[in-house]
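Shown here: my_file.txt, compact mmCIF, C-alpha atoms and all ligand atoms.
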```txt
# COMPACT_ATOMS: atom_id res chain seq x y z
CA MET C 1 11.40 -104.87 98.45
CA TYR C 2 8.23 -106.83 97.56
CA ASP C 3 9.87 -108.11 94.37
CA GLU C 4 13.04 -108.91 96.27
CA VAL C 5 11.55 -110.92 99.15
CA GLY C 6 8.18 -112.07 97.72
CA GLU C 7 4.65 -112.21 99.12
CA GLN C 8 5.30 -115.15 101.45
CA PHE C 9 7.85 -113.10 103.38
CA PHE C 10 5.11 -110.66 104.44
CA VAL C 11 2.71 -113.49 105.27
CA ASP C 12 5.32 -115.04 107.58
CA LEU C 13 6.32 -111.68 109.09
CA VAL C 14 2.78 -110.71 110.03
CA ASP C 15 1.94 -114.22 111.29
CA ARG C 16 4.95 -114.08 113.61
CA PHE C 17 4.09 -110.55 114.71
CA TYR C 18 0.53 -111.56 115.64
CA GLU C 19 1.74 -114.66 117.48
CA GLY C 20 3.60 -112.16 119.65
CA VAL C 21 0.56 -109.88 120.05
CA GLU C 22 -1.52 -112.85 121.23
CA SER C 23 0.79 -113.38 124.18
CA ASP C 24 1.41 -109.68 124.95
CA ASP C 25 -1.03 -108.32 127.54
CA VAL C 26 -0.13 -104.68 126.86
CA LEU C 27 -0.95 -104.99 123.15
CA LEU C 28 -3.77 -107.52 123.15
CA VAL C 29 -6.19 -105.37 125.20
CA LEU C 30 -6.04 -102.68 122.49
CA TYR C 31 -7.48 -104.91 119.78
CA PRO C 32 -11.28 -104.67 119.43
CA GLU C 33 -11.33 -108.14 117.81
CA ARG C 34 -8.87 -109.77 120.22
CA ASP C 35 -10.74 -113.08 120.17
CA ASP C 36 -10.10 -113.40 116.45
CA LEU C 37 -7.19 -111.42 115.07
CA SER C 38 -7.52 -112.75 111.52
CA GLY C 39 -9.02 -109.48 110.22
CA ALA C 40 -6.34 -107.33 111.87
CA ARG C 41 -3.70 -109.73 110.57
CA GLU C 42 -5.03 -109.41 107.02
CA ARG C 43 -5.12 -105.58 107.19
CA LEU C 44 -1.52 -105.27 108.41
CA ARG C 45 -0.31 -107.82 105.86
CA GLN C 46 -2.02 -106.05 102.93
CA PHE C 47 -0.82 -102.66 104.12
CA LEU C 48 2.82 -103.78 104.33
CA ILE C 49 2.64 -105.52 100.95
CA GLN C 50 1.33 -102.31 99.39
CA TYR C 51 3.82 -100.06 101.21
CA TRP C 52 6.79 -102.15 100.03
CA GLY C 53 5.74 -102.17 96.38
CA GLY C 54 3.32 -105.09 96.00
CA PRO C 55 -0.34 -105.14 94.91
CA THR C 56 -2.56 -102.28 96.18
CA THR C 57 -5.22 -104.55 97.68
CA TYR C 58 -5.08 -102.61 100.96
CA SER C 59 -6.17 -99.29 99.42
CA ASP C 60 -8.57 -100.95 96.99
CA GLU C 61 -10.42 -102.30 100.03
CA ARG C 62 -9.74 -99.70 102.76
CA GLY C 63 -8.96 -96.45 100.91
CA HIS C 64 -6.10 -94.13 101.80
CA PRO C 65 -4.15 -95.64 104.73
CA ARG C 66 -4.20 -92.50 107.01
CA LEU C 67 -2.64 -94.73 109.62
CA ARG C 68 -2.14 -92.15 112.34
CA GLN C 69 -5.80 -91.22 112.13
CA ARG C 70 -6.87 -94.87 112.13
CA HIS C 71 -4.94 -95.39 115.37
CA PHE C 72 -6.62 -92.49 117.24
CA PRO C 73 -9.22 -94.80 118.85
CA PHE C 74 -6.38 -96.68 120.60
CA VAL C 75 -4.36 -95.16 123.43
CA ILE C 76 -0.76 -95.55 122.24
CA GLY C 77 1.88 -94.29 124.64
CA GLU C 78 5.58 -95.09 124.80
CA ARG C 79 4.84 -98.34 126.60
CA GLU C 80 2.52 -99.61 123.86
CA ARG C 81 4.94 -98.43 121.19
CA ASP C 82 7.83 -100.25 122.86
CA HIS C 83 5.87 -103.50 123.01
CA TRP C 84 4.82 -103.12 119.37
CA VAL C 85 8.39 -102.44 118.19
CA LEU C 86 9.88 -105.24 120.31
CA ASN C 87 7.37 -107.72 118.88
CA MET C 88 7.90 -106.48 115.34
CA ASN C 89 11.69 -106.58 115.61
CA GLY C 90 11.47 -110.17 116.86
CA ALA C 91 9.20 -111.06 113.92
CA ILE C 92 11.59 -109.36 111.46
CA ASP C 93 14.62 -111.15 112.86
CA SER C 94 13.06 -114.60 112.90
CA THR C 95 11.51 -114.22 109.43
CA CYS C 96 14.78 -112.97 107.95
CA GLU C 97 16.72 -115.76 109.62
CA ALA C 98 14.31 -118.49 108.51
CA ARG C 99 14.34 -117.24 104.92
CA GLY C 100 18.03 -116.37 104.75
CA SER C 101 17.25 -112.76 103.79
CA ASP C 102 19.84 -110.15 103.06
CA GLU C 103 21.00 -108.08 106.05
CA SER C 104 19.83 -104.94 104.24
CA VAL C 105 16.24 -106.28 104.25
CA ARG C 106 16.39 -106.67 108.02
CA GLN C 107 17.81 -103.18 108.47
CA ARG C 108 15.36 -101.42 106.15
CA LEU C 109 12.40 -103.11 107.84
CA ARG C 110 13.61 -102.36 111.36
CA GLU C 111 14.23 -98.70 110.53
CA TYR C 112 10.86 -98.23 108.85
CA MET C 113 8.87 -99.99 111.60
CA THR C 114 10.55 -97.99 114.37
CA ASN C 115 9.88 -94.67 112.62
CA ALA C 116 6.30 -95.61 111.79
CA ALA C 117 5.64 -96.73 115.38
CA ASN C 118 6.97 -93.43 116.76
CA HIS C 119 4.58 -91.63 114.43
CA MET C 120 1.63 -93.62 115.86
CA VAL C 121 2.16 -92.48 119.49
CA ASN C 122 -0.87 -90.40 120.48
CA SER C 123 -0.87 -90.37 124.27
C1 LIG F 1 2.92 -98.06 117.85
C2 LIG F 1 2.23 -99.12 118.25
C3 LIG F 1 1.00 -99.64 117.54
C4 LIG F 1 -0.09 -100.14 118.17
C5 LIG F 1 -0.27 -100.28 119.69
C6 LIG F 1 -1.05 -100.51 117.14
C7 LIG F 1 -2.29 -101.05 117.38
C8 LIG F 1 -3.26 -101.27 116.41
C9 LIG F 1 -4.59 -101.70 116.68
C10 LIG F 1 -5.17 -101.98 118.06
C11 LIG F 1 -5.24 -101.82 115.49
C12 LIG F 1 -6.68 -102.27 115.22
C13 LIG F 1 -6.64 -103.67 114.69
C14 LIG F 1 -7.58 -103.89 113.55
O1 LIG F 1 -7.22 -103.61 112.39
O2 LIG F 1 -8.67 -104.40 113.82
C15 LIG F 1 -4.29 -101.45 114.46
C16 LIG F 1 -4.57 -101.44 113.12
C17 LIG F 1 -3.62 -101.26 112.16
N1 LIG F 1 -2.30 -100.96 112.35
FE1 LIG F 1 -1.42 -100.59 114.11
N2 LIG F 1 -0.50 -100.26 115.91
C18 LIG F 1 0.74 -99.72 116.11
C19 LIG F 1 1.61 -99.36 115.11
C20 LIG F 1 1.43 -99.60 113.77
C21 LIG F 1 2.43 -99.37 112.74
C22 LIG F 1 3.82 -98.83 113.00
C23 LIG F 1 1.87 -99.75 111.56
C24 LIG F 1 2.46 -99.73 110.18
C25 LIG F 1 3.73 -99.90 109.92
C26 LIG F 1 0.53 -100.20 111.84
C27 LIG F 1 -0.36 -100.65 110.89
C28 LIG F 1 -1.69 -100.93 111.13
C29 LIG F 1 -2.67 -101.18 110.08
C30 LIG F 1 -2.41 -101.21 108.58
C31 LIG F 1 -3.89 -101.37 110.72
C32 LIG F 1 -5.25 -101.59 110.07
C33 LIG F 1 -5.83 -100.22 109.70
C34 LIG F 1 -7.17 -100.31 109.03
O3 LIG F 1 -7.19 -100.51 107.80
O4 LIG F 1 -8.18 -100.17 109.70
N3 LIG F 1 0.30 -100.10 113.19
N4 LIG F 1 -3.10 -101.13 115.06
```

Would you mind giving the structure from this file in structure tokens?
Amino acid sequence: MYDEVGEQFFVDLVDRFYEGVESDDVLLVLYPERDDLSGARERLRQFLIQYWGGPTTYSDERGHPRLRQRHFPFVIGERERDHWVLNMNGAIDSTCEARGSDESVRQRLREYMTNAANHMVNS
């Protein structure tokens, strides 16, 4: 997918996602660095680029993702998951629309994000 959509797609996707987080009270309180989300933004962007077949900068800098474990410090129930998925789906839709992406890109991303978010629920 990285080769298909290009790096800028993931930059735009994560920027849009974090714009949503900034105005979502349920999500924002979870972020330790909520006054400056640039670090969190960078980590999610690099992770997604790596996951979808781009450069492995995420693991070069952070090691094995172990995402479920890394989310243990945050209380993630169904409510938090729903807000996360709603925000992410909105970011996927608007990025795909703006860039004229293939419908299959939208579907693959939505399916992956929903499954991954379910996996992160820990409360
Ligand atoms: C289910 C709802 C989720 C919530 C409420 C949530 C919340 C958070 C929070 C509060 C952080 C810390 C921010 C930081 O890095 O400083 C974080 C980090 C992160 N999240 Fe999530 N997250 C969720 C789902 C996901 C999913 C589905 C993915 C991947 C597809 C993901 C990927 C990441 C990554 C890559 C980091 C940075 C990990 C690191 O290297 O430390 N998150 N998340």

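When only C-alpha atoms are used to compute distances to Asp35 of chain C, the closest of the residues C:Cys96, C:Ile76, C:Gln69, C:Val21 turns out to be C:Val21.
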
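With only C-alpha atoms as the basis for measurement, C:Glu61 is the residue among C:Val121, C:Arg108, C:Glu61, C:Tyr2 that approaches Glu42 of chain C most closely.
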
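Comparing the minimum interatomic distances between Tyr18 of chain C and each of C:Tyr31, C:Tyr112, C:Phe72, C:Trp52, counting only C-alpha atoms, we find that C:Tyr31 sits nearest.
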
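With all atoms listed in the file as the basis for measurement, C:Asn118 is the residue among C:Thr95, C:Asn118, C:Asn87, C:Ser123 that approaches ligand LIG 1 (chain F) most closely.
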
3 Å per side around ligand LIG 1 (chain F): axis-aligned box centre and edge lengths, as lines of an AutoDock Vina configuration file:
```
center_x = -2.4
center_y = -101.2
center_z = 113.7
size_x = 18.5
size_y = 12.3
size_z = 17.9
```

(request) Could you please determine the separation between atom CA of Arg66 of chain C and atom CA of Glu111 of chain C in Å, to one decimal place? (result) 19.8 Å

(message) as a PyMOL selection string, please: the residues near segment 8-13 of chain C (cut-off 8 Å, only C-alpha atoms, same-chain neighbours under 6 positions excluded).
(response) chain C and resi 45+48-49+91-92+95+99

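What separates atom C13 of ligand LIG 1 (chain F) from atom CA of Ala40 of chain C is a distance of 4.6 Å.
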
Neighbours of Gly20 of chain C within 10 Å (all atoms listed in the file; same-chain residues fewer than 3 positions away dropped), as a short mmCIF file (atom, residue, chain, number, x, y, z; two decimals) with C-alpha atoms, keeping the file's coordinate frame?
```cif
data_model
loop_
_atom_site.label_atom_id
_atom_site.label_comp_id
_atom_site.auth_asym_id
_atom_site.auth_seq_id
_atom_site.Cartn_x
_atom_site.Cartn_y
_atom_site.Cartn_z
CA VAL C 14 2.78 -110.71 110.03
CA ASP C 15 1.94 -114.22 111.29
CA ARG C 16 4.95 -114.08 113.61
CA PHE C 17 4.09 -110.55 114.71
CA SER C 23 0.79 -113.38 124.18
CA ASP C 24 1.41 -109.68 124.95
CA ASP C 25 -1.03 -108.32 127.54
CA LEU C 27 -0.95 -104.99 123.15
CA LEU C 28 -3.77 -107.52 123.15
CA HIS C 83 5.87 -103.50 123.01
CA TRP C 84 4.82 -103.12 119.37
CA LEU C 86 9.88 -105.24 120.31
CA ASN C 87 7.37 -107.72 118.88
CA MET C 88 7.90 -106.48 115.34
CA GLY C 90 11.47 -110.17 116.86
CA ALA C 91 9.20 -111.06 113.92
#
```

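Proximity ranking of C:Glu97, C:Glu7, C:Glu22, C:Glu103 relative to Pro55 of chain C places C:Glu7 first, based on all atoms listed in the file.
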
(message) Report, in Å to a single decimal, how far apart atom O3 of ligand LIG 1 (chain F) and atom CA of Asp102 of chain C are.
(response) 29.1 Å

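The smallest atom-to-atom distance between Arg79 of chain C and any of C:Val26, C:Val5, C:Val105, C:Ala116, using only C-alpha atoms, is found for C:Val26.
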